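K.L.:
Enclosed is the structure file data.cif (mmCIF, C-alpha atoms).
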data_my_file
loop_
_atom_site.group_PDB
_atom_site.id
_atom_site.type_symbol
_atom_site.label_atom_id
_atom_site.label_comp_id
_atom_site.auth_asym_id
_atom_site.auth_seq_id
_atom_site.Cartn_x
_atom_site.Cartn_y
_atom_site.Cartn_z
ATOM 1 C CA MET A 1 9.066 -26.331 29.838
ATOM 2 C CA TYR A 2 7.909 -22.717 29.724
ATOM 3 C CA ARG A 3 4.257 -21.957 30.394
ATOM 4 C CA LEU A 4 2.238 -18.807 29.900
ATOM 5 C CA ARG A 5 2.710 -17.660 33.466
ATOM 6 C CA SER A 6 6.521 -17.823 33.023
ATOM 7 C CA MET A 7 6.294 -14.736 30.808
ATOM 8 C CA GLU A 8 4.657 -12.517 33.435
ATOM 9 C CA HIS A 9 7.982 -11.129 34.622
ATOM 10 C CA LEU A 10 8.836 -9.699 31.207
ATOM 11 C CA VAL A 11 8.843 -5.942 30.819
ATOM 12 C CA THR A 12 6.693 -6.317 27.714
ATOM 13 C CA PRO A 13 5.415 -9.537 26.123
ATOM 14 C CA LEU A 14 7.075 -10.919 22.991
ATOM 15 C CA ALA A 15 5.043 -12.003 19.961
ATOM 16 C CA PRO A 16 6.933 -14.396 17.646
ATOM 17 C CA THR A 17 6.541 -14.171 13.869
ATOM 18 C CA VAL A 18 4.838 -17.544 13.623
ATOM 19 C CA ALA A 19 5.178 -18.015 9.838
ATOM 20 C CA GLU A 20 8.932 -18.542 10.221
ATOM 21 C CA LEU A 21 8.518 -21.317 12.793
ATOM 22 C CA SER A 22 6.592 -23.719 10.561
ATOM 23 C CA THR A 23 5.058 -23.866 7.094
ATOM 24 C CA ASP A 24 1.901 -25.135 8.814
ATOM 25 C CA LEU A 25 0.138 -22.443 10.828
ATOM 26 C CA ARG A 26 -1.312 -24.810 13.409
ATOM 27 C CA ALA A 27 2.120 -26.341 13.987
ATOM 28 C CA GLY A 28 3.628 -22.873 14.334
ATOM 29 C CA ILE A 29 0.979 -21.841 16.836
ATOM 30 C CA ALA A 30 1.650 -25.037 18.800
ATOM 31 C CA ILE A 31 5.361 -24.135 18.943
ATOM 32 C CA VAL A 32 4.588 -20.629 20.173
ATOM 33 C CA GLN A 33 2.272 -22.019 22.840
ATOM 34 C CA ARG A 34 4.743 -24.709 23.904
ATOM 35 C CA GLU A 35 7.527 -22.143 24.243
ATOM 36 C CA GLY A 36 5.392 -20.164 26.679
ATOM 37 C CA PHE A 37 4.477 -17.046 24.692
ATOM 38 C CA HIS A 38 1.002 -15.507 24.863
ATOM 39 C CA ALA A 39 1.073 -13.309 21.751
ATOM 40 C CA VAL A 40 1.831 -13.930 18.103
ATOM 41 C CA GLN A 41 2.511 -11.990 14.903
ATOM 42 C CA LEU A 42 0.748 -13.365 11.829
ATOM 43 C CA ALA A 43 1.823 -13.028 8.208
ATOM 44 C CA ALA A 44 -0.586 -12.167 5.413
ATOM 45 C CA SER A 45 2.046 -12.576 2.682
ATOM 46 C CA GLY A 46 4.914 -14.912 1.899
ATOM 47 C CA PRO A 47 4.882 -18.692 1.401
ATOM 48 C CA SER A 48 3.466 -19.371 4.882
ATOM 49 C CA GLY A 49 1.094 -16.411 5.051
ATOM 50 C CA VAL A 50 -2.570 -16.854 5.890
ATOM 51 C CA ARG A 51 -3.722 -15.010 2.718
ATOM 52 C CA PRO A 52 -6.717 -13.055 4.110
ATOM 53 C CA ALA A 53 -7.992 -12.197 0.622
ATOM 54 C CA SER A 54 -8.694 -15.858 -0.089
ATOM 55 C CA MET A 55 -9.812 -16.959 3.390
ATOM 56 C CA SER A 56 -13.416 -18.044 3.723
ATOM 57 C CA GLU A 57 -15.516 -16.988 6.691
ATOM 58 C CA SER A 58 -15.212 -20.460 8.158
ATOM 59 C CA ALA A 59 -11.412 -20.350 7.785
ATOM 60 C CA ARG A 60 -11.320 -17.032 9.628
ATOM 61 C CA ARG A 61 -13.496 -18.407 12.413
ATOM 62 C CA ASP A 62 -11.289 -21.466 12.643
ATOM 63 C CA LEU A 63 -8.184 -19.272 12.957
ATOM 64 C CA ALA A 64 -9.784 -17.217 15.716
ATOM 65 C CA VAL A 65 -10.823 -20.365 17.596
ATOM 66 C CA THR A 66 -7.351 -21.901 17.233
ATOM 67 C CA LEU A 67 -5.715 -18.783 18.652
ATOM 68 C CA ARG A 68 -8.227 -18.537 21.477
ATOM 69 C CA ARG A 69 -7.705 -22.172 22.477
ATOM 70 C CA ALA A 70 -3.937 -21.591 22.482
ATOM 71 C CA GLU A 71 -4.514 -18.497 24.678
ATOM 72 C CA LEU A 72 -2.724 -16.298 22.150
ATOM 73 C CA ILE A 73 -3.524 -12.706 21.270
ATOM 74 C CA VAL A 74 -2.526 -11.274 17.901
ATOM 75 C CA ALA A 75 -0.001 -8.449 18.088
ATOM 76 C CA GLY A 76 -0.336 -7.641 14.399
ATOM 77 C CA ILE A 77 -0.307 -8.871 10.823
ATOM 78 C CA ASP A 78 2.668 -8.501 8.464
ATOM 79 C CA LEU A 79 1.769 -7.684 4.864
ATOM 80 C CA TRP A 80 5.106 -7.378 3.078
ATOM 81 C CA ILE A 81 3.969 -6.341 -0.394
ATOM 82 C CA PRO A 82 6.815 -4.982 -2.564
ATOM 83 C CA PRO A 83 6.690 -1.198 -1.979
ATOM 84 C CA ASP A 84 6.652 -0.400 -5.690
ATOM 85 C CA HIS A 85 3.280 -2.149 -5.978
ATOM 86 C CA PHE A 86 1.747 0.915 -4.328
ATOM 87 C CA ARG A 87 3.075 3.127 -7.138
ATOM 88 C CA ASP A 88 2.590 1.016 -10.251
ATOM 89 C CA ALA A 89 -0.893 1.344 -11.761
ATOM 90 C CA ALA A 90 -0.653 -2.275 -12.905
ATOM 91 C CA THR A 91 -0.313 -3.586 -9.345
ATOM 92 C CA LEU A 92 -1.985 -0.911 -7.223
ATOM 93 C CA ASP A 93 -5.502 -2.376 -7.251
ATOM 94 C CA ARG A 94 -4.223 -5.799 -6.220
ATOM 95 C CA ALA A 95 -2.105 -4.276 -3.471
ATOM 96 C CA MET A 96 -5.039 -2.280 -2.129
ATOM 97 C CA HIS A 97 -7.242 -5.376 -2.191
ATOM 98 C CA ALA A 98 -4.622 -7.184 -0.095
ATOM 99 C CA VAL A 99 -4.474 -4.259 2.347
ATOM 100 C CA ASP A 100 -8.251 -4.213 2.726
ATOM 101 C CA ALA A 101 -8.368 -7.982 3.324
ATOM 102 C CA ALA A 102 -5.548 -7.835 5.887
ATOM 103 C CA CYS A 103 -7.263 -4.958 7.690
ATOM 104 C CA SER A 104 -10.506 -6.922 7.714
ATOM 105 C CA LEU A 105 -8.783 -9.892 9.360
ATOM 106 C CA ALA A 106 -6.950 -7.597 11.784
ATOM 107 C CA GLY A 107 -10.279 -6.087 12.826
ATOM 108 C CA GLU A 108 -11.736 -9.523 13.474
ATOM 109 C CA LEU A 109 -8.707 -10.478 15.585
ATOM 110 C CA GLY A 110 -8.913 -7.535 17.951
ATOM 111 C CA GLY A 111 -8.091 -4.459 15.906
ATOM 112 C CA CYS A 112 -4.350 -5.040 15.698
ATOM 113 C CA ALA A 113 -1.850 -3.311 13.407
ATOM 114 C CA VAL A 114 -1.233 -4.238 9.782
ATOM 115 C CA CYS A 115 2.457 -3.733 9.068
ATOM 116 C CA LEU A 116 3.363 -2.489 5.582
ATOM 117 C CA GLU A 117 6.449 -1.345 3.754
ATOM 118 C CA LEU A 118 5.615 1.687 1.628
ATOM 119 C CA PRO A 119 7.808 3.331 -1.026
ATOM 120 C CA ARG A 120 9.835 6.455 -0.209
ATOM 121 C CA PRO A 121 8.723 9.057 -0.851
ATOM 122 C CA LEU A 122 5.301 7.835 0.131
ATOM 123 C CA PRO A 123 2.713 7.095 -2.555
ATOM 124 C CA SER A 124 0.110 9.641 -3.556
ATOM 125 C CA ASP A 125 -2.174 11.234 -0.996
ATOM 126 C CA GLU A 126 -5.061 9.392 -2.621
ATOM 127 C CA THR A 127 -3.363 6.029 -2.040
ATOM 128 C CA ASN A 128 -2.446 6.944 1.529
ATOM 129 C CA GLN A 129 -6.021 7.962 2.228
ATOM 130 C CA ALA A 130 -7.307 4.705 0.749
ATOM 131 C CA ILE A 131 -4.951 2.691 2.967
ATOM 132 C CA HIS A 132 -6.092 4.636 6.022
ATOM 133 C CA ALA A 133 -9.743 4.265 5.059
ATOM 134 C CA ALA A 134 -9.342 0.491 4.777
ATOM 135 C CA ALA A 135 -7.948 0.352 8.300
ATOM 136 C CA VAL A 136 -10.641 2.601 9.775
ATOM 137 C CA SER A 137 -13.473 0.721 8.116
ATOM 138 C CA HIS A 138 -12.361 -2.539 9.731
ATOM 139 C CA GLY A 139 -11.174 -1.212 13.092
ATOM 140 C CA ALA A 140 -7.493 -1.907 12.366
ATOM 141 C CA ARG A 141 -4.327 0.238 12.384
ATOM 142 C CA ILE A 142 -1.565 0.825 9.831
ATOM 143 C CA ALA A 143 2.089 0.601 10.864
ATOM 144 C CA VAL A 144 4.651 1.560 8.211
ATOM 145 C CA LEU A 145 8.076 -0.086 8.293
ATOM 146 C CA GLY A 146 10.920 2.255 9.170
ATOM 147 C CA PRO A 147 10.957 5.856 10.349
ATOM 148 C CA LEU A 148 7.920 7.797 9.197
ATOM 149 C CA PRO A 149 8.580 10.693 6.792
ATOM 150 C CA GLU A 150 7.467 14.123 7.955
ATOM 151 C CA ASN A 151 4.674 14.150 5.378
ATOM 152 C CA ALA A 152 3.219 10.807 6.503
ATOM 153 C CA PRO A 153 -0.477 10.885 7.409
ATOM 154 C CA GLU A 154 -0.861 11.361 11.151
ATOM 155 C CA GLU A 155 -2.992 8.223 11.308
ATOM 156 C CA PHE A 156 -0.007 6.041 10.291
ATOM 157 C CA SER A 157 2.292 4.738 13.024
ATOM 158 C CA ALA A 158 5.847 3.444 12.723
ATOM 159 C CA CYS A 159 6.641 -0.247 12.519
ATOM 160 C CA VAL A 160 9.906 -0.153 14.482
ATOM 161 C CA ASP A 161 12.202 -2.904 13.235
ATOM 162 C CA PRO A 162 15.586 -2.310 14.944
ATOM 163 C CA ALA A 163 17.536 -4.028 12.142
ATOM 164 C CA THR A 164 16.038 -1.598 9.616
ATOM 165 C CA PHE A 165 16.697 1.433 11.816
ATOM 166 C CA LEU A 166 20.260 0.423 12.654
ATOM 167 C CA ALA A 167 21.053 -0.218 8.990
ATOM 168 C CA ALA A 168 20.000 3.387 8.317
ATOM 169 C CA GLY A 169 22.142 4.695 11.192
ATOM 170 C CA LEU A 170 19.107 5.513 13.365
ATOM 171 C CA ASP A 171 18.273 4.749 16.993
ATOM 172 C CA PRO A 172 15.190 2.473 17.148
ATOM 173 C CA ALA A 173 14.642 3.223 20.840
ATOM 174 C CA ILE A 174 13.461 6.757 20.100
ATOM 175 C CA ALA A 175 10.722 5.486 17.792
ATOM 176 C CA ALA A 176 9.792 2.534 20.030
ATOM 177 C CA ALA A 177 9.046 4.899 22.928
ATOM 178 C CA GLN A 178 6.144 6.401 20.984
ATOM 179 C CA PRO A 179 2.812 5.023 22.276
ATOM 180 C CA HIS A 180 1.341 4.322 18.843
ATOM 181 C CA ALA A 181 4.428 2.578 17.434
ATOM 182 C CA ALA A 182 4.459 -1.122 16.534
ATOM 183 C CA PRO A 183 7.826 -2.267 17.960
ATOM 184 C CA ARG A 184 9.753 -5.364 16.958
ATOM 185 C CA LEU A 185 12.829 -7.106 18.329
ATOM 186 C CA SER A 186 15.650 -7.732 15.850
ATOM 187 C CA ASP A 187 19.284 -6.871 15.247
ATOM 188 C CA ILE A 188 21.824 -6.617 12.456
ATOM 189 C CA ALA A 189 25.522 -7.491 12.145
ATOM 190 C CA ALA A 190 27.693 -7.327 9.020
ATOM 191 C CA GLY A 191 24.592 -6.551 6.959
ATOM 192 C CA CYS A 192 22.699 -9.670 8.111
ATOM 193 C CA ARG A 193 19.739 -10.021 10.457
ATOM 194 C CA VAL A 194 20.796 -11.716 13.698
ATOM 195 C CA PRO A 195 19.225 -12.353 17.105
ATOM 196 C CA PRO A 196 19.797 -9.453 19.518
ATOM 197 C CA GLY A 197 22.064 -9.835 22.483
ATOM 198 C CA GLY A 198 25.065 -11.012 20.482
ATOM 199 C CA GLU A 199 27.319 -9.375 17.911
ATOM 200 C CA GLY A 200 24.672 -6.961 16.638
ATOM 201 C CA GLY A 201 24.397 -3.258 17.338
ATOM 202 C CA LEU A 202 21.148 -3.128 19.329
ATOM 203 C CA ASP A 203 21.361 -1.968 22.948
ATOM 204 C CA VAL A 204 18.748 -4.418 24.197
ATOM 205 C CA GLN A 205 18.348 -2.904 27.639
ATOM 206 C CA ALA A 206 17.818 0.627 26.300
ATOM 207 C CA TYR A 207 15.414 -0.666 23.676
ATOM 208 C CA ARG A 208 13.454 -2.692 26.218
ATOM 209 C CA ILE A 209 13.064 0.380 28.420
ATOM 210 C CA ALA A 210 11.890 2.403 25.412
ATOM 211 C CA CYS A 211 9.281 -0.237 24.595
ATOM 212 C CA GLU A 212 8.085 -0.139 28.203
ATOM 213 C CA ILE A 213 7.750 3.644 28.015
ATOM 214 C CA GLY A 214 5.656 3.285 24.865
ATOM 215 C CA GLY A 215 3.318 0.820 26.559
ATOM 216 C CA GLN A 216 4.134 -2.055 28.874
ATOM 217 C CA GLN A 217 1.201 -4.185 27.711
ATOM 218 C CA ARG A 218 1.930 -3.626 24.004
ATOM 219 C CA PRO A 219 3.473 -6.809 22.545
ATOM 220 C CA VAL A 220 6.896 -6.514 20.930
ATOM 221 C CA VAL A 221 7.231 -8.661 17.819
ATOM 222 C CA ALA A 222 10.039 -11.221 18.099
ATOM 223 C CA ASP A 223 11.044 -11.010 14.433
ATOM 224 C CA VAL A 224 12.849 -14.182 13.380
ATOM 225 C CA ARG A 225 12.630 -13.551 9.646
ATOM 226 C CA ALA A 226 15.734 -14.528 7.648
ATOM 227 C CA MET A 227 17.195 -16.451 10.589
ATOM 228 C CA PRO A 228 18.962 -19.763 9.760
ATOM 229 C CA SER A 229 17.399 -21.367 12.843
ATOM 230 C CA PRO A 230 14.229 -19.422 13.750
ATOM 231 C CA LEU A 231 13.410 -21.403 16.888
ATOM 232 C CA TYR A 232 16.947 -21.016 18.239
ATOM 233 C CA ALA A 233 16.812 -17.300 17.419
ATOM 234 C CA LEU A 234 13.486 -17.012 19.228
ATOM 235 C CA ARG A 235 14.919 -18.620 22.339
ATOM 236 C CA VAL A 236 17.907 -16.271 22.235
ATOM 237 C CA MET A 237 15.521 -13.329 21.995
ATOM 238 C CA ARG A 238 13.522 -14.563 24.949
ATOM 239 C CA SER A 239 16.688 -14.995 26.986
ATOM 240 C CA CYS A 240 18.035 -11.499 26.310
ATOM 241 C CA TRP A 241 14.603 -9.927 26.873
ATOM 242 C CA THR A 242 14.112 -11.294 30.401
#
Can I see the file as structure tokens?

P.N.:
Amino acid sequence: MYRLRSMEHLVTPLAPTVAELSTDLRAGIAIVQREGFHAVQLAASGPSGVRPASMSESARRDLAVTLRRAELIVAGIDLWIPPDHFRDAATLDRAMHAVDAACSLAGELGGCAVCLELPRPLPSDETNQAIHAAAVSHGARIAVLGPLPENAPEEFSACVDPATFLAAGLDPAIAAAQPHAAPRLSDIAAGCRVPPGGEGGLDVQAYRIACEIGGQQRPVVADVRAMPSPLYALRVMRSCWT
């Protein structure tokens, strides 16, 4: 069985996307702990998300205590709101409320990054400023999925998902080497997300080196979204990352 100390030889620590491992957060955290990881990526959206906007103060405290007892740090929080919700006046207020709540939780859990997917081109400057202000007010950061456009606010960092970059014909290693990036570990083959180290297009060694250049202590999110067997995929990721 893997223990926390077994991960010390990794170039950078991996943080599994816990929502894919179990519909019950506590059970997912137990899996992450049992598998020997010491960081985790939470979800604020989706069927297994923690829903920060509806969490009571006691629920937030309970989450923090559960993570602390499991000796897990939070690498970040995924908030996968449909990008168009940041453009449509009918959904913008709700989207911004979700961003503010996720940033609030991120601040309470150590000031980690909130990962968003924004429309391209980016929403209005006013919306961008409001997103940034929400992060600053709670001591969190904003990481935007995919390569950042040239006109992106300088306060935004890139959420580097290799599968997304490779699908666009881009090298994720270049972005992952940036110190403020929020790197993930994933791959793509025949248009489907797959664990790296197999038939996908990711050069794992080059990507791992790039992540180390960006910051050796910065967790890399082991992204097992859309995997038929998330736990198997997570173990494959761990194996190719060592």

K.L.:
Could you check which of A:Gly36, A:Pro179, A:Pro228, A:Gly110 is closest to Arg193 of chain A, using only C-alpha atoms?

P.N.:
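Ranking A:Gly36, A:Pro179, A:Pro228, A:Gly110 by distance to Arg193 of chain A, first place goes to A:Pro228.
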
K.L.:
Counting all atoms listed in the file, which residues of segment 7-68 of chain A fall within 10 Å of segment 223-226 of chain A, and what is the closest atom pair for each with its distance in Å at one decimal, ordered by chain and rising number, as a tab-separated table?

P.N.:
residue	atom	partner	partner_atom	distance
A:Leu14	CA	A:Asp223	CA	9.4
A:Ala15	CA	A:Asp223	CA	8.2
A:Pro16	CA	A:Asp223	CA	6.2
A:Thr17	CA	A:Asp223	CA	5.5
A:Val18	CA	A:Val224	CA	8.7
A:Ala19	CA	A:Arg225	CA	8.7
A:Glu20	CA	A:Arg225	CA	6.2
A:Leu21	CA	A:Val224	CA	8.4
A:Gln41	CA	A:Asp223	CA	8.6

K.L.:
Quick one: residues within 7 Å of segment 188-192 of chain A, only C-alpha atoms counted, chain neighbours fewer than 6 positions away excluded, as a PDB file with C-alpha atoms, keeping the file's coordinate frame?

P.N.:
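part39.pdb, written as the output of this step:
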ATOM      1  CA  ALA A 163      17.536  -4.028  12.142  1.00  0.00           C
ATOM      2  CA  GLU A 199      27.319  -9.375  17.911  1.00  0.00           C
ATOM      3  CA  GLY A 200      24.672  -6.961  16.638  1.00  0.00           C
ATOM      4  CA  GLY A 201      24.397  -3.258  17.338  1.00  0.00           C
TER       5      GLY A 201
END

K.L.:
Applying 12 Å and only C-alpha atoms, which residues near Val236 of chain A remain after dropping the ones on its own chain fewer than 3 positions away? List them as a PyMOL selection string.

P.N.:
chain A and resi 185-187+194-198+222-224+227+229-233+239-242

K.L.:
For atom CA of Leu234 of chain A and atom CA of Ala101 of chain A, quote the distance in Å rounded to one decimal.

P.N.:
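Calculated distance between atom CA of Leu234 of chain A and atom CA of Ala101 of chain A is 28.5 Å.
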
K.L.:
Considering all atoms listed in the file, can you say which of A:Gln129, A:Ala134, A:Gln205, A:Cys159 comes closest to Leu116 of chain A?

P.N.:
A:Cys159

K.L.:
Calculated over all atoms listed in the file, which of the candidates A:Ala210, A:Ala130, A:Ala95, A:Leu109 has the smallest distance to Pro153 of chain A?

P.N.:
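Closest to Pro153 of chain A of all the choices is A:Ala130.
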
K.L.:
Can you find the residues with an atom no farther than 7 Å from (-2.6, -20.5, 17.3), counting all atoms listed in the file, and report them as a list in words?

P.N.:
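Residues found, by chain and rising number: Arg26, Ile29, Ala30, Thr66, Leu67, Ala70 and Leu72 of chain A.
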
K.L.:
Next, write the just-selected residues to a file, as a compact mmCIF listing (two decimals), in the coordinates of the input, keeping C-alpha atoms as the atom set.

P.N.:
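Output contents, as saved in out.txt:
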# COMPACT_ATOMS: atom_id res chain seq x y z
CA ARG A 26 -1.31 -24.81 13.41
CA ILE A 29 0.98 -21.84 16.84
CA ALA A 30 1.65 -25.04 18.80
CA THR A 66 -7.35 -21.90 17.23
CA LEU A 67 -5.72 -18.78 18.65
CA ALA A 70 -3.94 -21.59 22.48
CA LEU A 72 -2.72 -16.30 22.15

K.L.:
How big is the axis-aligned box around all listed atoms of segment 129-135 of chain A once 5 Å goes on each side, and where's its centre, in Å to one decimal, as AutoDock Vina command-line options?

P.N.:
--center_x -7.3 --center_y 4.2 --center_z 4.5 --size_x 14.8 --size_y 17.6 --size_z 17.6

K.L.:
As an exercise, work out the distance from atom CA of Arg235 of chain A to atom CA of Leu105 of chain A in Å and give it to one decimal place.

P.N.:
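It comes out at 28.4 Å.
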
K.L.:
Would you please work out which residue, of A:Asp161, A:Glu126, A:Asp62, A:Glu71, is nearest to Leu92 of chain A when using all atoms listed in the file?

P.N.:
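Checking each of A:Asp161, A:Glu126, A:Asp62, A:Glu71 against Leu92 of chain A, counting all atoms listed in the file, the winner is A:Glu126.
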
K.L.:
Work out how far atom CA of Glu212 of chain A is from atom CA of Ala152 of chain A, in Å to one decimal.

P.N.:
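Spanning atom CA of Ala152 of chain A to atom CA of Glu212 of chain A is a straight-line distance of 24.8 Å.
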
K.L.:
Can you tell me, as a VMD selection string, what residues are no more than 8 Å from Leu79 of chain A when counting only C-alpha atoms, ignoring any on the same chain fewer than 6 positions away?

P.N.:
chain A and resid 43 to 45 99 102 114 to 117

K.L.:
Let's have the selection written as an mmCIF file, keeping the file's coordinate frame, with C-alpha atoms.

P.N.:
data_model
loop_
_atom_site.group_PDB
_atom_site.id
_atom_site.type_symbol
_atom_site.label_atom_id
_atom_site.label_comp_id
_atom_site.auth_asym_id
_atom_site.auth_seq_id
_atom_site.Cartn_x
_atom_site.Cartn_y
_atom_site.Cartn_z
ATOM 1 C CA ALA A 43 1.823 -13.028 8.208
ATOM 2 C CA ALA A 44 -0.586 -12.167 5.413
ATOM 3 C CA SER A 45 2.046 -12.576 2.682
ATOM 4 C CA VAL A 99 -4.474 -4.259 2.347
ATOM 5 C CA ALA A 102 -5.548 -7.835 5.887
ATOM 6 C CA VAL A 114 -1.233 -4.238 9.782
ATOM 7 C CA CYS A 115 2.457 -3.733 9.068
ATOM 8 C CA LEU A 116 3.363 -2.489 5.582
ATOM 9 C CA GLU A 117 6.449 -1.345 3.754
#

K.L.:
Counting all atoms listed in the file, figure out which residue out of A:Asp88, A:His38, A:Leu202, A:Ser104 gets nearest to Glu57 of chain A.

P.N.:
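Using all atoms listed in the file, the shortest distance to Glu57 of chain A belongs to A:Ser104.
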
K.L.:
Apply the PyMOL selection byres ((chain A and resi 174) around 10) to the displayed file and report the matching residues as a PyMOL selection string.

P.N.:
chain A and resi 160+170-173+175-178+206-207+210-211+214

K.L.:
For each of A:Ile142, A:Asp84, A:Glu154, A:Asp93, take the minimum atom-to-atom distance to Pro123 of chain A, counting all atoms listed in the file, then give the residue where this is smallest.

P.N.:
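Among the listed residues, the smallest separation from Pro123 of chain A belongs to A:Asp84.
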
K.L.:
Evaluate the PyMOL selection byres ((chain A and resi 106) around 10) here and jot the selected residues down as number ranges by chain.

P.N.:
A: 42, 52, 74-77, 100-105, 107-114, 135, 138-141

K.L.:
Would you put the residues from that selection into a file with C-alpha atoms, as a PDB file, in the coordinates of the input?

P.N.:
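File out.pdb, as written:
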ATOM      1  CA  LEU A  42       0.748 -13.365  11.829  1.00  0.00           C
ATOM      2  CA  PRO A  52      -6.717 -13.055   4.110  1.00  0.00           C
ATOM      3  CA  VAL A  74      -2.526 -11.274  17.901  1.00  0.00           C
ATOM      4  CA  ALA A  75      -0.001  -8.449  18.088  1.00  0.00           C
ATOM      5  CA  GLY A  76      -0.336  -7.641  14.399  1.00  0.00           C
ATOM      6  CA  ILE A  77      -0.307  -8.871  10.823  1.00  0.00           C
ATOM      7  CA  ASP A 100      -8.251  -4.213   2.726  1.00  0.00           C
ATOM      8  CA  ALA A 101      -8.368  -7.982   3.324  1.00  0.00           C
ATOM      9  CA  ALA A 102      -5.548  -7.835   5.887  1.00  0.00           C
ATOM     10  CA  CYS A 103      -7.263  -4.958   7.690  1.00  0.00           C
ATOM     11  CA  SER A 104     -10.506  -6.922   7.714  1.00  0.00           C
ATOM     12  CA  LEU A 105      -8.783  -9.892   9.360  1.00  0.00           C
ATOM     13  CA  GLY A 107     -10.279  -6.087  12.826  1.00  0.00           C
ATOM     14  CA  GLU A 108     -11.736  -9.523  13.474  1.00  0.00           C
ATOM     15  CA  LEU A 109      -8.707 -10.478  15.585  1.00  0.00           C
ATOM     16  CA  GLY A 110      -8.913  -7.535  17.951  1.00  0.00           C
ATOM     17  CA  GLY A 111      -8.091  -4.459  15.906  1.00  0.00           C
ATOM     18  CA  CYS A 112      -4.350  -5.040  15.698  1.00  0.00           C
ATOM     19  CA  ALA A 113      -1.850  -3.311  13.407  1.00  0.00           C
ATOM     20  CA  VAL A 114      -1.233  -4.238   9.782  1.00  0.00           C
ATOM     21  CA  ALA A 135      -7.948   0.352   8.300  1.00  0.00           C
ATOM     22  CA  HIS A 138     -12.361  -2.539   9.731  1.00  0.00           C
ATOM     23  CA  GLY A 139     -11.174  -1.212  13.092  1.00  0.00           C
ATOM     24  CA  ALA A 140      -7.493  -1.907  12.366  1.00  0.00           C
ATOM     25  CA  ARG A 141      -4.327   0.238  12.384  1.00  0.00           C
TER      26      ARG A 141
END

K.L.:
Taking the block above, write segment 186-200 of chain A with N, CA and C atoms as a PDB file, in the first residue's frame.

P.N.:
ATOM      1  N   SER A 186      -2.945  15.047 -18.227  1.00  0.00           N
ATOM      2  CA  SER A 186      -3.982  14.392 -19.025  1.00  0.00           C
ATOM      3  C   SER A 186      -3.403  14.105 -20.394  1.00  0.00           C
ATOM      4  N   ASP A 187      -4.163  13.436 -21.228  1.00  0.00           N
ATOM      5  CA  ASP A 187      -3.703  13.131 -22.581  1.00  0.00           C
ATOM      6  C   ASP A 187      -4.932  12.908 -23.459  1.00  0.00           C
ATOM      7  N   ILE A 188      -4.689  12.834 -24.757  1.00  0.00           N
ATOM      8  CA  ILE A 188      -5.785  12.635 -25.700  1.00  0.00           C
ATOM      9  C   ILE A 188      -5.331  11.715 -26.819  1.00  0.00           C
ATOM     10  N   ALA A 189      -6.225  10.829 -27.256  1.00  0.00           N
ATOM     11  CA  ALA A 189      -5.960   9.920 -28.370  1.00  0.00           C
ATOM     12  C   ALA A 189      -7.274   9.692 -29.113  1.00  0.00           C
ATOM     13  N   ALA A 190      -7.236   9.850 -30.428  1.00  0.00           N
ATOM     14  CA  ALA A 190      -8.428   9.660 -31.260  1.00  0.00           C
ATOM     15  C   ALA A 190      -9.605  10.495 -30.761  1.00  0.00           C
ATOM     16  N   GLY A 191      -9.309  11.698 -30.268  1.00  0.00           N
ATOM     17  CA  GLY A 191     -10.352  12.610 -29.826  1.00  0.00           C
ATOM     18  C   GLY A 191     -10.913  12.319 -28.448  1.00  0.00           C
ATOM     19  N   CYS A 192     -10.360  11.341 -27.735  1.00  0.00           N
ATOM     20  CA  CYS A 192     -10.858  10.981 -26.402  1.00  0.00           C
ATOM     21  C   CYS A 192      -9.782  11.207 -25.349  1.00  0.00           C
ATOM     22  N   ARG A 193     -10.202  11.601 -24.158  1.00  0.00           N
ATOM     23  CA  ARG A 193      -9.271  11.766 -23.048  1.00  0.00           C
ATOM     24  C   ARG A 193      -8.823  10.389 -22.579  1.00  0.00           C
ATOM     25  N   VAL A 194      -7.509  10.230 -22.417  1.00  0.00           N
ATOM     26  CA  VAL A 194      -6.928   8.958 -21.988  1.00  0.00           C
ATOM     27  C   VAL A 194      -5.840   9.243 -20.962  1.00  0.00           C
ATOM     28  N   PRO A 195      -5.456   8.234 -20.166  1.00  0.00           N
ATOM     29  CA  PRO A 195      -4.329   8.432 -19.259  1.00  0.00           C
ATOM     30  C   PRO A 195      -3.047   8.629 -20.052  1.00  0.00           C
ATOM     31  N   PRO A 196      -2.161   9.493 -19.612  1.00  0.00           N
ATOM     32  CA  PRO A 196      -0.874   9.669 -20.305  1.00  0.00           C
ATOM     33  C   PRO A 196      -0.004   8.432 -20.150  1.00  0.00           C
ATOM     34  N   GLY A 197       1.004   8.369 -21.014  1.00  0.00           N
ATOM     35  CA  GLY A 197       1.923   7.251 -20.949  1.00  0.00           C
ATOM     36  C   GLY A 197       1.546   6.090 -21.831  1.00  0.00           C
ATOM     37  N   GLY A 198       0.456   6.241 -22.608  1.00  0.00           N
ATOM     38  CA  GLY A 198       0.012   5.171 -23.483  1.00  0.00           C
ATOM     39  C   GLY A 198      -0.013   5.600 -24.929  1.00  0.00           C
ATOM     40  N   GLU A 199      -1.208   5.530 -25.537  1.00  0.00           N
ATOM     41  CA  GLU A 199      -1.331   5.844 -26.963  1.00  0.00           C
ATOM     42  C   GLU A 199      -1.526   7.322 -27.250  1.00  0.00           C
ATOM     43  N   GLY A 200      -1.584   8.145 -26.225  1.00  0.00           N
ATOM     44  CA  GLY A 200      -1.804   9.577 -26.420  1.00  0.00           C
ATOM     45  C   GLY A 200      -0.579  10.302 -26.941  1.00  0.00           C
TER      46      GLY A 200
END
